[in-house]
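Note: the block below is coords_39.cif and it holds mmCIF, C-alpha atoms and all ligand atoms.
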```
data_coords
#
loop_
_atom_site.label_atom_id
_atom_site.label_comp_id
_atom_site.auth_asym_id
_atom_site.auth_seq_id
_atom_site.Cartn_x
_atom_site.Cartn_y
_atom_site.Cartn_z
CA MET L 1 0.00 0.00 0.00
CA THR L 2 1.21 3.52 -0.84
CA LEU L 3 0.68 6.01 1.97
CA PHE L 4 2.13 9.51 1.97
CA ALA L 5 1.40 13.05 3.12
CA ILE L 6 2.36 16.31 1.43
CA THR L 7 2.60 18.87 4.22
CA HIS L 8 2.98 22.65 4.53
CA VAL L 9 2.04 23.54 0.98
CA ALA L 10 -0.28 26.25 -0.36
CA ILE L 11 -3.15 24.16 -1.71
CA PHE L 12 -5.31 25.39 -4.60
CA THR L 13 -8.07 22.79 -4.38
CA VAL L 14 -10.25 24.00 -7.30
CA ASP L 15 -13.10 22.31 -5.41
CA PRO L 16 -16.70 23.59 -5.82
CA ARG L 17 -15.96 26.37 -3.31
CA ASN L 18 -12.58 27.19 -4.90
CA ARG L 19 -10.98 26.70 -1.51
CA VAL L 20 -7.38 27.83 -1.06
CA ILE L 21 -5.51 26.53 2.00
CA PRO L 22 -2.43 28.71 2.67
CA ASP L 23 -0.69 26.08 4.84
CA GLY L 24 -2.24 22.76 3.89
CA THR L 25 -1.69 19.02 4.01
CA VAL L 26 -2.90 16.29 1.68
CA VAL L 27 -2.83 12.60 2.54
CA VAL L 28 -2.79 10.00 -0.23
CA GLU L 29 -3.51 6.31 0.17
CA ASP L 30 -2.80 4.19 -2.90
CA ASP L 31 -4.21 6.18 -5.82
CA ARG L 32 -6.70 8.36 -3.90
CA ILE L 33 -6.72 11.49 -1.76
CA VAL L 34 -7.96 10.52 1.72
CA ALA L 35 -7.52 13.83 3.55
CA VAL L 36 -7.08 17.49 2.67
CA GLY L 37 -7.13 20.51 4.98
CA PRO L 38 -5.05 22.96 7.02
CA SER L 39 -1.80 21.39 8.27
CA ALA L 40 -2.84 22.13 11.85
CA GLU L 41 -5.96 19.98 11.45
CA VAL L 42 -4.94 17.03 9.25
CA ALA L 43 -3.56 14.04 11.17
CA ILE L 44 -0.66 12.26 9.47
CA PRO L 45 -1.40 8.51 9.55
CA GLU L 46 1.19 6.28 11.13
CA GLY L 47 3.67 4.93 8.63
CA ALA L 48 2.97 7.63 6.05
CA LYS L 49 5.95 8.98 4.14
CA VAL L 50 6.05 12.76 4.60
CA ILE L 51 6.95 15.18 1.82
CA ASP L 52 7.42 18.51 3.59
CA GLY L 53 6.72 21.54 1.39
CA ALA L 54 8.22 23.75 4.12
CA GLY L 55 6.05 26.72 3.12
CA LYS L 56 7.96 27.02 -0.15
CA HIS L 57 5.72 25.00 -2.44
CA ALA L 58 2.23 25.12 -3.92
CA LEU L 59 0.04 22.13 -4.68
CA MET L 60 -2.59 22.16 -7.40
CA PRO L 61 -4.59 19.56 -9.34
CA GLY L 62 -2.81 18.23 -12.42
CA LEU L 63 -3.51 20.30 -15.53
CA VAL L 64 -5.71 18.77 -18.22
CA ASP L 65 -4.76 19.32 -21.86
CA SER L 66 -8.17 18.75 -23.43
CA HIS L 67 -7.02 18.72 -27.07
CA SER L 68 -3.62 17.78 -28.42
CA HIS L 69 -1.94 15.89 -31.24
CA SER L 70 1.31 14.08 -30.51
CA SER L 71 3.93 14.90 -33.11
CA LEU L 72 7.62 15.24 -33.85
CA MET L 73 6.89 18.17 -36.19
CA ARG L 74 7.69 21.42 -34.45
CA GLY L 75 8.74 24.67 -36.06
CA VAL L 76 8.67 23.18 -39.56
CA THR L 77 5.27 24.35 -40.85
CA GLU L 78 5.30 28.00 -39.83
CA ASN L 79 3.89 31.28 -41.08
CA MET L 80 0.81 29.72 -42.69
CA PRO L 81 -2.94 30.08 -42.17
CA LEU L 82 -4.90 26.89 -41.45
CA MET L 83 -5.97 26.02 -45.02
CA GLU L 84 -2.42 26.43 -46.33
CA TRP L 85 -1.00 24.57 -43.35
CA LEU L 86 -3.27 21.49 -43.54
CA PRO L 87 -1.69 19.95 -46.70
CA HIS L 88 1.73 20.14 -45.04
CA TYR L 89 0.35 18.48 -41.94
CA GLN L 90 -1.13 15.71 -44.07
CA LEU L 91 2.35 14.94 -45.41
CA GLU L 92 3.41 14.07 -41.88
CA HIS L 93 0.64 11.52 -41.81
CA ARG L 94 1.56 10.06 -45.20
CA ALA L 95 5.12 9.58 -43.96
CA LEU L 96 4.38 8.53 -40.37
CA THR L 97 5.28 5.00 -39.23
CA GLU L 98 4.23 3.17 -36.07
CA GLU L 99 7.64 3.79 -34.58
CA ASP L 100 7.39 7.52 -35.34
CA ALA L 101 4.01 7.54 -33.58
CA PHE L 102 5.48 5.88 -30.51
CA HIS L 103 8.39 8.32 -30.29
CA SER L 104 6.09 11.30 -30.96
CA ALA L 105 3.75 10.28 -28.17
CA ARG L 106 6.51 9.43 -25.70
CA LEU L 107 8.22 12.78 -26.27
CA CYS L 108 4.98 14.78 -26.02
CA TYR L 109 3.74 12.92 -22.94
CA LEU L 110 7.08 13.53 -21.22
CA GLU L 111 6.97 17.23 -22.08
CA ALA L 112 3.38 17.49 -20.84
CA LEU L 113 4.05 15.70 -17.57
CA LYS L 114 7.21 17.66 -16.78
CA SER L 115 5.24 20.90 -17.17
CA GLY L 116 2.44 19.83 -14.82
CA THR L 117 -0.07 18.24 -17.20
CA THR L 118 -1.35 14.95 -15.82
CA CYS L 119 -4.07 14.18 -18.35
CA VAL L 120 -4.06 14.63 -22.12
CA MET L 121 -6.61 14.16 -24.88
CA ASP L 122 -4.51 12.98 -27.82
CA MET L 123 -5.84 12.68 -31.37
CA PHE L 124 -3.25 10.83 -33.40
CA ARG L 125 -2.53 7.60 -35.28
CA PHE L 126 -1.19 4.12 -34.46
CA MET L 127 -2.64 4.75 -31.03
CA ASP L 128 -1.79 1.30 -29.72
CA ARG L 129 1.72 2.65 -29.63
CA CYS L 130 0.55 5.86 -27.95
CA ALA L 131 -0.92 3.70 -25.20
CA ASP L 132 2.47 1.97 -24.89
CA ALA L 133 4.15 5.38 -24.63
CA ALA L 134 1.69 6.48 -21.94
CA GLY L 135 2.48 3.29 -20.04
CA GLU L 136 6.18 4.15 -20.03
CA ILE L 137 5.71 7.78 -18.97
CA GLY L 138 2.80 7.11 -16.59
CA LEU L 139 0.56 9.88 -17.93
CA ARG L 140 -3.27 9.64 -17.99
CA VAL L 141 -4.23 9.71 -21.66
CA ASN L 142 -7.43 9.82 -23.70
CA LEU L 143 -6.91 8.33 -27.15
CA ALA L 144 -9.05 9.53 -30.07
CA PRO L 145 -7.72 8.09 -33.35
CA TYR L 146 -7.71 10.39 -36.37
CA VAL L 147 -10.48 8.61 -38.25
CA ALA L 148 -11.15 9.67 -41.84
CA ASP L 149 -13.02 7.66 -44.48
CA GLN L 150 -13.39 10.04 -47.42
CA PRO L 151 -11.56 9.26 -50.68
CA GLY L 152 -7.92 10.34 -50.68
CA LYS L 153 -7.70 10.28 -46.87
CA ASP L 154 -6.53 6.68 -46.56
CA PHE L 155 -3.42 7.72 -44.62
CA PHE L 156 -5.48 8.48 -41.52
CA ALA L 157 -6.96 5.93 -39.09
CA THR L 158 -9.88 3.68 -40.00
CA ARG L 159 -13.13 3.08 -38.14
CA ASP L 160 -12.15 -0.56 -37.65
CA GLU L 161 -8.84 0.45 -36.08
CA ASN L 162 -10.76 2.73 -33.71
CA LYS L 163 -13.08 -0.11 -32.66
CA ARG L 164 -10.17 -2.49 -32.18
CA LEU L 165 -8.45 0.06 -29.97
CA ILE L 166 -11.60 0.36 -27.84
CA LYS L 167 -11.74 -3.43 -27.42
CA THR L 168 -8.05 -3.82 -26.57
CA ARG L 169 -7.08 -0.67 -24.69
CA HIS L 170 -10.12 1.13 -23.23
CA GLY L 171 -9.79 1.20 -19.45
CA SER L 172 -6.30 -0.32 -19.51
CA GLN L 173 -3.38 0.78 -17.28
CA GLN L 174 -5.64 0.85 -14.19
CA GLY L 175 -8.15 3.01 -16.08
CA ARG L 176 -5.62 5.66 -17.07
CA ILE L 177 -6.20 4.92 -20.76
CA GLN L 178 -9.59 5.94 -22.12
CA VAL L 179 -10.36 5.34 -25.78
CA TRP L 180 -12.76 7.60 -27.66
CA MET L 181 -14.37 7.54 -31.08
CA GLY L 182 -12.24 10.05 -33.00
CA LEU L 183 -13.36 11.85 -36.15
CA GLU L 184 -11.06 14.23 -37.99
CA HIS L 185 -13.43 16.73 -39.59
CA LEU L 186 -16.64 17.08 -41.62
CA PHE L 187 -14.65 17.17 -44.87
CA TYR L 188 -12.70 14.01 -43.98
CA CYS L 189 -15.51 11.80 -42.66
CA SER L 190 -18.69 10.47 -44.26
CA GLU L 191 -22.15 10.75 -42.75
CA ASP L 192 -21.89 7.03 -42.07
CA ALA L 193 -18.72 7.57 -40.01
CA TYR L 194 -20.54 10.05 -37.76
CA ARG L 195 -23.59 7.82 -37.39
CA ASP L 196 -21.31 4.83 -36.67
CA ALA L 197 -19.51 6.87 -34.00
CA VAL L 198 -22.84 7.61 -32.29
CA ARG L 199 -23.72 3.88 -32.40
CA CYS L 200 -20.32 2.97 -30.90
CA GLN L 201 -20.74 5.60 -28.23
CA GLN L 202 -23.81 3.72 -27.06
CA GLU L 203 -22.52 0.20 -27.66
CA TYR L 204 -19.14 0.60 -25.96
CA GLY L 205 -19.95 3.44 -23.56
CA VAL L 206 -17.22 5.65 -25.01
CA ARG L 207 -17.17 9.32 -25.93
CA ILE L 208 -16.71 11.19 -29.24
CA HIS L 209 -14.09 13.79 -30.10
CA THR L 210 -13.83 15.84 -33.31
CA HIS L 211 -12.76 19.22 -34.68
CA ALA L 212 -15.38 21.87 -35.45
CA CYS L 213 -15.75 25.46 -36.57
CA GLU L 214 -12.09 26.38 -36.36
CA GLN L 215 -11.74 28.94 -39.12
CA LYS L 216 -13.87 31.47 -40.96
CA GLU L 217 -13.10 30.18 -44.48
CA GLU L 218 -13.62 26.59 -43.31
CA GLU L 219 -17.06 27.56 -41.95
CA ALA L 220 -17.98 29.19 -45.27
CA ALA L 221 -16.78 26.08 -47.16
CA VAL L 222 -18.84 23.78 -44.88
CA LEU L 223 -21.94 25.92 -45.47
CA ALA L 224 -21.39 25.94 -49.24
CA HIS L 225 -20.80 22.16 -49.38
CA PHE L 226 -23.39 20.84 -46.90
CA GLY L 227 -25.96 23.65 -46.87
CA ARG L 228 -25.53 23.89 -43.08
CA ARG L 229 -22.90 25.35 -40.78
CA SER L 230 -20.60 22.99 -38.83
CA ILE L 231 -22.62 22.84 -35.62
CA GLY L 232 -25.84 22.38 -37.62
CA MET L 233 -24.25 19.49 -39.55
CA LEU L 234 -22.96 17.76 -36.41
CA ASP L 235 -26.40 18.24 -34.84
CA HIS L 236 -27.97 16.73 -37.98
CA TYR L 237 -25.67 13.70 -37.59
CA GLY L 238 -26.85 13.26 -33.98
CA LEU L 239 -23.42 14.01 -32.59
CA LEU L 240 -24.13 16.77 -30.07
CA GLY L 241 -24.54 15.77 -26.44
CA GLU L 242 -22.89 15.30 -23.07
CA ASN L 243 -20.54 12.62 -24.36
CA THR L 244 -19.12 14.73 -27.17
CA LEU L 245 -16.12 17.06 -27.08
CA LEU L 246 -15.54 19.54 -29.92
CA ALA L 247 -12.15 21.15 -30.45
CA HIS L 248 -11.88 24.88 -31.31
CA CYS L 249 -15.42 26.24 -32.02
CA VAL L 250 -13.94 29.68 -32.79
CA TRP L 251 -16.70 30.98 -35.06
CA LEU L 252 -19.86 30.11 -33.12
CA ASN L 253 -22.87 32.41 -33.40
CA ASP L 254 -25.30 33.02 -30.50
CA ASP L 255 -27.69 30.26 -31.58
CA GLU L 256 -24.87 27.73 -31.80
CA ILE L 257 -23.58 28.65 -28.34
CA LYS L 258 -27.10 28.11 -27.00
CA ARG L 259 -27.45 24.79 -28.86
CA LEU L 260 -24.13 23.47 -27.49
CA ALA L 261 -25.12 24.59 -23.97
CA ASP L 262 -28.59 23.00 -24.26
CA THR L 263 -27.16 19.68 -25.46
CA GLY L 264 -24.33 19.64 -22.90
CA THR L 265 -21.67 19.42 -25.63
CA ALA L 266 -18.20 20.31 -24.31
CA ILE L 267 -15.56 22.44 -26.03
CA ALA L 268 -11.75 22.26 -25.99
CA HIS L 269 -10.53 25.84 -26.35
CA CYS L 270 -7.10 26.13 -28.02
CA PRO L 271 -6.19 29.84 -27.94
CA VAL L 272 -2.51 29.65 -28.94
CA SER L 273 -3.21 27.41 -31.93
CA ASN L 274 -6.13 29.62 -32.99
CA ALA L 275 -3.83 32.66 -32.88
CA LYS L 276 -0.90 30.97 -34.59
CA LEU L 277 -2.97 29.69 -37.53
CA ALA L 278 -4.80 33.04 -37.72
CA SER L 279 -8.10 31.28 -37.04
CA GLY L 280 -9.42 33.93 -34.66
CA VAL L 281 -10.44 34.36 -31.03
CA ALA L 282 -13.08 32.02 -29.59
CA ARG L 283 -15.96 33.58 -27.65
CA THR L 284 -15.04 31.94 -24.37
CA PRO L 285 -16.74 34.45 -22.00
CA GLU L 286 -20.05 33.93 -23.86
CA MET L 287 -19.54 30.15 -23.81
CA LEU L 288 -18.93 30.17 -20.06
CA ALA L 289 -21.90 32.50 -19.47
CA ALA L 290 -24.10 30.07 -21.40
CA GLY L 291 -22.95 27.23 -19.16
CA ILE L 292 -20.87 25.30 -21.71
CA THR L 293 -18.24 22.97 -20.25
CA LEU L 294 -14.92 24.37 -21.39
CA GLY L 295 -11.44 22.86 -21.23
CA ILE L 296 -8.17 24.29 -22.51
CA GLY L 297 -6.03 22.50 -25.10
CA THR L 298 -2.62 23.06 -26.64
CA ASP L 299 -3.48 21.40 -30.00
CA GLY L 300 0.00 19.81 -29.98
CA PRO L 301 3.52 20.90 -30.95
CA VAL L 302 2.79 21.38 -34.67
CA CYS L 303 0.41 24.26 -34.22
CA ASN L 304 1.41 25.67 -30.85
CA ASN L 305 4.62 24.96 -30.52
CA SER L 306 4.61 24.37 -26.76
CA LEU L 307 2.77 21.89 -24.58
CA ASP L 308 3.11 24.08 -21.48
CA MET L 309 -0.41 24.56 -20.12
CA PHE L 310 0.75 27.44 -17.90
CA GLU L 311 1.53 29.36 -21.07
CA GLU L 312 -1.83 28.33 -22.51
CA MET L 313 -3.69 29.58 -19.42
CA LYS L 314 -2.02 32.97 -19.56
CA PHE L 315 -2.67 33.33 -23.26
CA ALA L 316 -6.33 32.24 -22.91
CA SER L 317 -6.91 35.15 -20.56
CA LEU L 318 -4.77 37.79 -22.28
CA ILE L 319 -6.24 37.28 -25.75
CA GLN L 320 -9.72 38.05 -24.36
CA LYS L 321 -8.55 41.08 -22.40
CA ALA L 322 -6.72 42.47 -25.43
CA THR L 323 -9.41 41.92 -28.04
CA ARG L 324 -12.31 43.05 -25.81
CA LEU L 325 -10.42 46.00 -24.30
CA ASP L 326 -11.57 44.58 -20.97
CA ALA L 327 -8.96 43.96 -18.26
CA THR L 328 -11.49 41.99 -16.18
CA ALA L 329 -12.12 39.34 -18.88
CA LEU L 330 -11.33 35.76 -17.79
CA PRO L 331 -9.65 36.29 -14.39
CA ALA L 332 -7.17 33.82 -12.88
CA ASP L 333 -9.67 31.73 -10.88
CA GLN L 334 -11.83 31.15 -13.94
CA ILE L 335 -8.84 30.19 -16.09
CA LEU L 336 -7.46 27.82 -13.45
CA ARG L 337 -10.84 26.08 -13.30
CA MET L 338 -10.95 25.71 -17.09
CA ALA L 339 -7.49 24.14 -17.16
CA THR L 340 -8.25 21.64 -14.38
CA ILE L 341 -11.83 20.75 -13.42
CA GLY L 342 -13.21 22.21 -16.69
CA GLY L 343 -10.96 19.96 -18.75
CA ALA L 344 -11.75 16.99 -16.51
CA LYS L 345 -15.48 17.56 -17.02
CA ALA L 346 -15.01 17.99 -20.77
CA LEU L 347 -13.34 14.55 -20.79
CA GLY L 348 -16.02 13.00 -18.56
CA LEU L 349 -13.45 12.38 -15.82
CA ASP L 350 -14.51 15.01 -13.25
CA LYS L 351 -15.67 12.40 -10.74
CA ASP L 352 -12.06 11.23 -10.49
CA ILE L 353 -9.75 14.12 -11.39
CA GLY L 354 -9.59 17.91 -11.82
CA SER L 355 -9.60 19.04 -8.18
CA ILE L 356 -8.00 18.23 -4.83
CA GLU L 357 -10.84 16.63 -2.86
CA VAL L 358 -11.20 13.58 -0.64
CA GLY L 359 -12.04 10.54 -2.75
CA LYS L 360 -10.49 11.85 -5.95
CA LYS L 361 -7.46 10.36 -7.68
CA ALA L 362 -4.15 11.78 -6.54
CA ASP L 363 -3.21 13.58 -9.78
CA LEU L 364 -1.19 16.38 -8.20
CA VAL L 365 1.34 19.00 -9.19
CA MET L 366 3.80 20.61 -6.79
CA LEU L 367 5.40 23.91 -7.72
CA ASP L 368 8.62 25.29 -6.35
CA LEU L 369 7.91 28.84 -5.16
CA ALA L 370 11.56 29.61 -4.36
CA MET L 371 12.17 30.89 -7.87
CA PRO L 372 12.45 34.48 -9.09
CA ASN L 373 9.21 34.41 -11.10
CA LEU L 374 7.12 33.32 -8.08
CA THR L 375 8.76 35.54 -5.44
CA PRO L 376 7.45 37.17 -3.34
CA HIS L 377 4.39 35.01 -2.71
CA GLU L 378 1.62 35.78 -0.31
CA VAL L 379 -1.16 33.23 0.02
CA THR L 380 -4.47 34.01 1.65
CA ASN L 381 -7.78 32.13 1.79
CA ASP L 382 -8.77 33.72 -1.51
CA GLY L 383 -5.43 32.85 -3.11
CA GLY L 384 -3.53 36.10 -2.62
CA ASN L 385 -1.00 37.08 -5.27
CA LEU L 386 -0.07 33.44 -5.84
CA LEU L 387 -3.44 32.71 -7.49
CA TRP L 388 -2.69 35.37 -10.12
CA ASN L 389 0.91 34.28 -10.45
CA LEU L 390 -0.05 30.64 -11.02
CA VAL L 391 -1.79 31.81 -14.20
CA PHE L 392 0.27 34.82 -15.25
CA ALA L 393 3.82 34.13 -13.97
CA ALA L 394 4.25 30.37 -13.44
CA ARG L 395 5.75 28.14 -16.11
CA GLY L 396 6.21 24.43 -16.52
CA SER L 397 9.77 24.89 -15.24
CA ASN L 398 8.38 25.69 -11.77
CA VAL L 399 7.02 22.15 -11.51
CA SER L 400 9.09 20.09 -9.10
CA ARG L 401 6.95 16.98 -8.52
CA VAL L 402 4.03 15.36 -10.29
CA TRP L 403 1.86 12.47 -9.19
CA VAL L 404 -0.65 10.53 -11.29
CA ASP L 405 -2.80 7.94 -9.50
CA GLY L 406 -0.66 8.58 -6.40
CA ARG L 407 2.53 7.53 -8.23
CA CYS L 408 5.32 10.07 -8.15
CA LEU L 409 6.30 10.37 -11.83
CA ILE L 410 8.35 13.56 -11.65
CA GLU L 411 10.77 14.31 -8.84
CA ASN L 412 13.06 17.37 -8.81
CA GLY L 413 11.68 18.11 -12.27
CA ARG L 414 12.88 14.77 -13.73
CA SER L 415 11.04 11.62 -14.75
CA THR L 416 11.22 8.74 -12.28
CA GLN L 417 10.06 6.34 -15.00
CA VAL L 418 12.24 6.81 -18.07
CA ASP L 419 15.78 7.78 -19.00
CA GLU L 420 14.99 11.25 -20.35
CA ALA L 421 18.23 11.52 -22.34
CA ARG L 422 17.38 8.32 -24.20
CA VAL L 423 13.82 9.48 -24.93
CA LEU L 424 15.17 12.73 -26.40
CA GLU L 425 17.89 11.04 -28.40
CA THR L 426 15.54 8.57 -30.10
CA ALA L 427 12.97 11.32 -30.72
CA GLN L 428 15.70 13.47 -32.27
CA GLN L 429 16.80 10.72 -34.68
CA CYS L 430 13.26 9.72 -35.52
CA GLY L 431 12.20 13.35 -36.04
CA VAL L 432 15.00 14.26 -38.43
CA SER L 433 14.34 11.10 -40.44
CA LEU L 434 10.62 12.00 -40.58
CA TYR L 435 11.43 15.53 -41.82
CA GLU L 436 13.55 14.04 -44.61
CA ARG L 437 10.80 11.60 -45.63
CA CYS L 438 8.22 14.41 -45.63
CA ARG L 439 10.43 16.53 -47.90
CA ALA L 440 10.90 13.59 -50.27
CA MET L 441 7.09 13.32 -50.50
CA SER L 442 6.38 16.99 -51.06
CA HIS L 443 5.17 16.28 -54.62
CA LEU L 444 2.19 14.44 -53.03
CA ARG L 445 0.97 17.58 -51.30
CA VAL L 446 -2.57 18.44 -52.30
CA ASP L 447 -3.31 22.09 -51.70
CA MET L 448 -6.71 22.94 -50.28
CA VAL L 449 -6.76 26.57 -51.39
ZN ZN B 501 -6.55 19.69 -33.40
#
```

Using structure tokens, write down the structure that the file contains.
Amino acid sequence: MTLFAITHVAIFTVDPRNRVIPDGTVVVEDDRIVAVGPSAEVAIPEGAKVIDGAGKHALMPGLVDSHSHSSLMRGVTENMPLMEWLPHYQLEHRALTEEDAFHSARLCYLEALKSGTTCVMDMFRFMDRCADAAGEIGLRVNLAPYVADQPGKDFFATRDENKRLIKTRHGSQQGRIQVWMGLEHLFYCSEDAYRDAVRCQQEYGVRIHTHACEQKEEEAAVLAHFGRRSIGMLDHYGLLGENTLLAHCVWLNDDEIKRLADTGTAIAHCPVSNAKLASGVARTPEMLAAGITLGIGTDGPVCNNSLDMFEEMKFASLIQKATRLDATALPADQILRMATIGGAKALGLDKDIGSIEVGKKADLVMLDLAMPNLTPHEVTNDGGNLLWNLVFAARGSNVSRVWVDGRCLIENGRSTQVDEARVLETAQQCGVSLYERCRAMSHLRVDMV
């Protein structure tokens, strides 16, 4: 049995009351939190290992990256809007091998974990190998294969592969692996693929993840082709509902926001990717006001180029303040909720993760406050300056320890599970080889615009 206590830390619980405990203690037994409260009140069980924060550390729930794509491509498809960028991205998938997929996932999961992300939604290919990578790193991962069944898209994942993955991997690694029905996009998938996904959702009890309404030109093209806008089409296919997560949703109108709220459909908001690909600024304050469940996603290294959710949180707030000329838009507490419990709810995992509460899984992140960017820190019951600095000053490099399911996976900022140097070296070799193969295939690029 694992039994340990983390003492004298500033705890940001993100519980329903948003409780902050300036000098707190958490007790973990096996994979669950069994006590949380002020250090003066929480009894340390006999035999528990004690990790003393000594008033110089903060503890928060693990961050949830609610939309990502593992990849070795980073900084190689730059300076392009979405429609110009997509054909380049497709080349990666034409060239990608199973081994590339494994090394992509292992590298990305390591980067995520080291920067305080404990749960990722990954849409990628050869996802058996992504599950293997998650097993090595220890991360909690949701796998949504890139399914496409339209002509010319045979280099993506198939519906049969998706179903096989559900049968072989869903719920594996003590439940840390969740498999979803993944659908790339309206232009890549047939009506039958969407209807099949809804059937599988019911048959296997899994959830559905797809991209929607990312860019203005894309929305116009969807309307011209289908006679409906994206949300209307997905609604027509029966896809909207509490078990569906849509990535992006940048160009929603008022009616669509209401429809998503009414159906309980969740959204993964990816502000950095939306800015980088010049897609626009999602209407997150309106989405939150309507009651939509909102998580934050990085969208992966290709279109971000960072997997640091601290950076994503800061950007999610600043882009709203800047474009609305409103300094009060999306304050720190709201952003922190989106990146933790919001993401957990969007993934259907909020009963188990997303906050520090008794009974929940011990997916925890400890930050070292004795660093220039977090000094001085003053923590009060409403968070003090540290609440703001968690969102606007902290970075992944402040993360000292990370636990998933009560297992300490990062200690002193380093993985306890893998030889990091070896992971980087193999990813480096694999990545350069993939770049070369992509260049050799550039004649196969099919431009969309
Ligand atoms: Zn995406």

Close residues to ligand ZN 501 (chain B) using all atoms listed in the file, limit 9 Å, as an MDAnalysis selection string: chainID L and resid 67:69 122:123 184 210:211 247:248 270 273 297:300 303

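Using only C-alpha atoms, the smallest distance between any of L:Gly182, L:Gly47, L:Gly342, L:Gly406 and Val34 (chain L) comes from L:Gly406.
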
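With distances restricted to all atoms listed in the file, L:Arg395 is the closest residue to Leu374 (chain L) from L:Lys49, L:Arg395, L:Lys216, L:Arg259.
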
Region 185-189 of chain L environment, 6 Å, only C-alpha atoms, sequence neighbours closer than 5 positions dropped, as a ChimeraX atom specification: /L:148-150,211

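Each of L:Ala370, L:Ala10, L:Leu82, L:Leu424 was compared to Leu277 (chain L) using all atoms listed in the file, and L:Leu82 turns out to be the nearest.
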
Point-to-point distance from CA of Leu245 (chain L) to CA of His209 (chain L), Å rounded to tenths: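 Going from CA of Leu245 (chain L) over to CA of His209 (chain L), I get 4.9 Å.
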
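Taking CA of Gly62 (chain L) and CA of Tyr109 (chain L) as the two end points, the separation is 13.5 Å.
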
Nearby residues (all atoms listed in the file) at most 6 Å from region 131-144 of chain L, same-chain spacing under 4 positions excluded, as a ChimeraX atom specification: /L:106,118-123,176-182

CA of Gly343 (chain L) to CA of Asp196 (chain L), straight-line distance in Å: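 About the pair CA of Asp196 (chain L) and CA of Gly343 (chain L): they are 25.6 Å apart.
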